[in-house]
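Take a look at the structure set out below.
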Amino acid sequence: MKSSKKHIAEYEFSIGLRLTHWIRAIAIVILSVSGFYLAYVFVSPVITGEPVNFMNAKWRAVHQVAGFILIGCFIFKCYLFFFDKQSHIERVSVKDFLDIKVWIAQIKYYLFLGKHPHMHGTYNPLQFASYLFFYIVLFVICLTGLILYVHVYHEGLGGFLYEPMRVVETWMGGLANVRQIHHIAMWIIFIFMVAHIYMAIFNAIKGKDGAMDAIISGYKFPKEK
Ligand code: HEM
């Protein structure tokens with residue numbers, strides 16, 4: 001039966017949140033392509049007798065620029081989560097995340113066995129758990145990326161971070177392990193991306209509230225209460 005209730009425009013995500021989302025998404029694509037090159041060299045340089053190609057160094061430079069953009073987005077997004085007024089709805093999601101009843105209702109919804117639970121915040125508990133996990137993996141890939149970085153550049157920031165990063169490197173069992181962890185984190189991010197895009201489309205279609213619009217325009221369109 002068709003409901004007579006109208007859709008209303010509700011402001012969900014601030015411009016800072018949306019920008020960090022999309023800049024981060026682009027950075028991750030660039031990092032994945034360049035990271036793949038660094039792991040499995042898939043193109044060869046022009047053949048020349050002169051030692052001027054520096055193909056690996058060029059790919060690595062692109063990788064590092066995108067890497068620092070990702071690190072910037074990560075830090076700024078963490079700041080927004082704790083201090084941005086509009087991100088209040090994200091902070092309130094912790095309440096739903098800790099509520100077992102909302103977990104059960106949400107799982108039932110995904111299994112087509114019940115209605116979507118009423119939530120206090122903007123993320124459902126499964127979504128919140130997966131985002132939390134994603135941020136932990138992002139932290140790991142940025143940290144291991146920085147360890148790899150200090151072995152490449154020894155001036156400026158590279159020099160400044162050298163000693164502390166060497167300590168973390170030892171905790172991780174050496175540079176070879178750091179590289180493996182960095183690589184594995186990439187695959188976890190790939191799996192997350194597939195699930196994230198699938199769930200975003202699933203919720204937008206099933207929820208019929210323009211959930212995908214919110215990460216572009218900032219507005220979603222739920223039915224009036
Ligand atoms: C989504 C994020 C990222 C992905 C998918 C990614 C992926 C990769 C991959 C696959 C490798 C090759 C590892 C191997 O040999 O198996 C690599 C190497 C590297 N990454 Fe990342 N990375 C990311 C973020 C970062 C960040 C934030 C930094 C920090 C600036 C960084 C710096 C480096 C460096 C310095 C290397 C080593 C290059 C070399 O061996 O010459 N990465 N990355």
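In the structure tokens, chains take the letters A, B, ... in the order shown, each chain's residues start at 1, and ligands count up from 1 in the order shown.
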
* Select the residues contacting ligand 1 at a distance of at most 8 Å, based on only C-alpha atoms and all ligand atoms, then format the selection as a PyMOL selection string. => chain A and resi 27-29+31-40+56-57+60+63-71+138+141-152+179-180+182-183+185-187+189

Same residues, C-alpha atoms, output as an mmCIF file, in the first residue's frame:
```
data_model
loop_
_atom_site.group_PDB
_atom_site.id
_atom_site.type_symbol
_atom_site.label_atom_id
_atom_site.label_comp_id
_atom_site.auth_asym_id
_atom_site.auth_seq_id
_atom_site.Cartn_x
_atom_site.Cartn_y
_atom_site.Cartn_z
ATOM 1 C CA ALA A 27 43.335 8.885 -3.196
ATOM 2 C CA ILE A 28 42.598 5.203 -2.495
ATOM 3 C CA VAL A 29 42.084 4.494 -6.216
ATOM 4 C CA LEU A 31 47.151 4.395 -4.178
ATOM 5 C CA SER A 32 45.759 1.033 -5.261
ATOM 6 C CA VAL A 33 46.904 1.390 -8.885
ATOM 7 C CA SER A 34 50.352 2.759 -7.949
ATOM 8 C CA GLY A 35 50.639 0.286 -5.040
ATOM 9 C CA PHE A 36 49.962 -2.583 -7.444
ATOM 10 C CA TYR A 37 52.781 -1.317 -9.644
ATOM 11 C CA LEU A 38 55.151 -1.175 -6.668
ATOM 12 C CA ALA A 39 54.219 -4.739 -5.709
ATOM 13 C CA TYR A 40 53.988 -6.315 -9.210
ATOM 14 C CA ASN A 56 59.801 2.971 -9.967
ATOM 15 C CA ALA A 57 60.692 6.256 -8.288
ATOM 16 C CA ARG A 60 56.438 5.755 -5.808
ATOM 17 C CA HIS A 63 51.969 6.885 -4.436
ATOM 18 C CA GLN A 64 53.445 9.039 -1.696
ATOM 19 C CA VAL A 65 51.682 12.242 -2.742
ATOM 20 C CA ALA A 66 48.344 10.379 -2.708
ATOM 21 C CA GLY A 67 49.432 8.730 0.563
ATOM 22 C CA PHE A 68 49.903 12.059 2.299
ATOM 23 C CA ILE A 69 46.558 13.271 0.954
ATOM 24 C CA LEU A 70 44.989 10.139 2.464
ATOM 25 C CA ILE A 71 46.744 10.772 5.783
ATOM 26 C CA LEU A 138 43.277 2.878 7.301
ATOM 27 C CA ILE A 141 48.014 1.252 6.098
ATOM 28 C CA CYS A 142 48.970 4.894 6.812
ATOM 29 C CA LEU A 143 51.322 3.903 9.628
ATOM 30 C CA THR A 144 53.029 1.149 7.622
ATOM 31 C CA GLY A 145 53.131 3.551 4.638
ATOM 32 C CA LEU A 146 54.985 6.073 6.796
ATOM 33 C CA ILE A 147 57.481 3.423 7.906
ATOM 34 C CA LEU A 148 58.159 2.552 4.251
ATOM 35 C CA TYR A 149 58.392 6.273 3.491
ATOM 36 C CA VAL A 150 61.114 7.038 6.043
ATOM 37 C CA HIS A 151 63.291 4.465 4.306
ATOM 38 C CA VAL A 152 62.961 6.343 1.034
ATOM 39 C CA ARG A 179 55.568 -4.342 3.705
ATOM 40 C CA GLN A 180 53.427 -7.481 4.023
ATOM 41 C CA HIS A 182 50.786 -2.769 4.152
ATOM 42 C CA HIS A 183 49.979 -5.119 1.285
ATOM 43 C CA ALA A 185 45.729 -4.000 4.432
ATOM 44 C CA MET A 186 45.259 -3.069 0.772
ATOM 45 C CA TRP A 187 43.323 -6.289 0.139
ATOM 46 C CA ILE A 189 40.371 -2.233 1.856
#
```

* Based on DSSP run over this structure's backbone, return all residues of region 45-117 of chain A in alpha helix (DSSP H), as a PyMOL selection string. => chain A and resi 55-83+88-97+100-110

* Asked: Within 9 Å of Ser87 (chain A), counting only C-alpha atoms, which residues qualify if same-chain residues fewer than 4 places away don't, as a PyMOL selection string?
  -> chain A and resi 12-14+17+80-83+91-92

Go ahead and write the residues just picked, N, CA and C atoms, as a PDB file, in the first residue's frame.
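Output saved as selection.pdb:
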```pdb
ATOM      1  N   GLU A  12      22.205  15.849   6.313  1.00  0.00           N
ATOM      2  CA  GLU A  12      22.861  14.787   7.072  1.00  0.00           C
ATOM      3  C   GLU A  12      24.377  14.995   7.196  1.00  0.00           C
ATOM      4  N   PHE A  13      25.059  15.213   6.057  1.00  0.00           N
ATOM      5  CA  PHE A  13      26.525  15.260   6.079  1.00  0.00           C
ATOM      6  C   PHE A  13      27.060  16.639   5.727  1.00  0.00           C
ATOM      7  N   SER A  14      27.987  17.134   6.552  1.00  0.00           N
ATOM      8  CA  SER A  14      28.593  18.451   6.318  1.00  0.00           C
ATOM      9  C   SER A  14      29.514  18.411   5.096  1.00  0.00           C
ATOM     10  N   LEU A  17      32.803  16.616   5.728  1.00  0.00           N
ATOM     11  CA  LEU A  17      32.683  15.151   5.718  1.00  0.00           C
ATOM     12  C   LEU A  17      32.612  14.624   4.286  1.00  0.00           C
ATOM     13  N   LEU A  80      36.749  15.889  12.603  1.00  0.00           N
ATOM     14  CA  LEU A  80      35.322  16.172  12.383  1.00  0.00           C
ATOM     15  C   LEU A  80      34.453  15.274  13.260  1.00  0.00           C
ATOM     16  N   PHE A  81      34.819  14.006  13.336  1.00  0.00           N
ATOM     17  CA  PHE A  81      34.008  13.064  14.119  1.00  0.00           C
ATOM     18  C   PHE A  81      33.847  13.557  15.559  1.00  0.00           C
ATOM     19  N   PHE A  82      34.923  14.071  16.132  1.00  0.00           N
ATOM     20  CA  PHE A  82      34.856  14.488  17.542  1.00  0.00           C
ATOM     21  C   PHE A  82      34.346  15.918  17.731  1.00  0.00           C
ATOM     22  N   PHE A  83      34.636  16.814  16.792  1.00  0.00           N
ATOM     23  CA  PHE A  83      34.367  18.227  17.063  1.00  0.00           C
ATOM     24  C   PHE A  83      33.356  18.914  16.152  1.00  0.00           C
ATOM     25  N   ARG A  91      28.285  10.776  16.094  1.00  0.00           N
ATOM     26  CA  ARG A  91      28.666  10.457  17.485  1.00  0.00           C
ATOM     27  C   ARG A  91      27.532   9.720  18.197  1.00  0.00           C
ATOM     28  N   VAL A  92      26.287  10.145  17.915  1.00  0.00           N
ATOM     29  CA  VAL A  92      25.132   9.519  18.568  1.00  0.00           C
ATOM     30  C   VAL A  92      24.997   8.048  18.139  1.00  0.00           C
TER      31      VAL A  92
END
```

* **Shell of 6 Å around region 120-135 of chain A, only C-alpha atoms, local chain residues under 6 positions omitted, as a ChimeraX atom specification** => /A:89-90,92-93,96-97,103

For the selection you just gave me, I'd like the residues written to a file as a tab-separated table (two decimals), in the first residue's frame, keeping N, CA and C atoms.
```tsv
chain	number	residue	atom	x	y	z
A	89	ILE	N	25.38	13.59	14.65
A	89	ILE	CA	24.60	12.38	14.31
A	89	ILE	C	25.49	11.15	14.17
A	90	GLU	N	26.76	11.35	13.86
A	90	GLU	CA	27.70	10.22	13.81
A	90	GLU	C	28.04	9.79	15.24
A	92	VAL	N	26.29	10.15	17.91
A	92	VAL	CA	25.13	9.52	18.57
A	92	VAL	C	25.00	8.05	18.14
A	93	SER	N	25.53	7.71	16.96
A	93	SER	CA	25.44	6.33	16.47
A	93	SER	C	26.09	5.34	17.42
A	96	ASP	N	23.50	3.48	19.39
A	96	ASP	CA	22.86	2.36	18.70
A	96	ASP	C	23.83	1.17	18.57
A	97	PHE	N	25.10	1.50	18.38
A	97	PHE	CA	26.13	0.47	18.24
A	97	PHE	C	26.22	-0.38	19.50
A	103	TRP	N	20.90	-4.09	17.05
A	103	TRP	CA	21.68	-5.06	16.26
A	103	TRP	C	20.74	-6.14	15.68
```
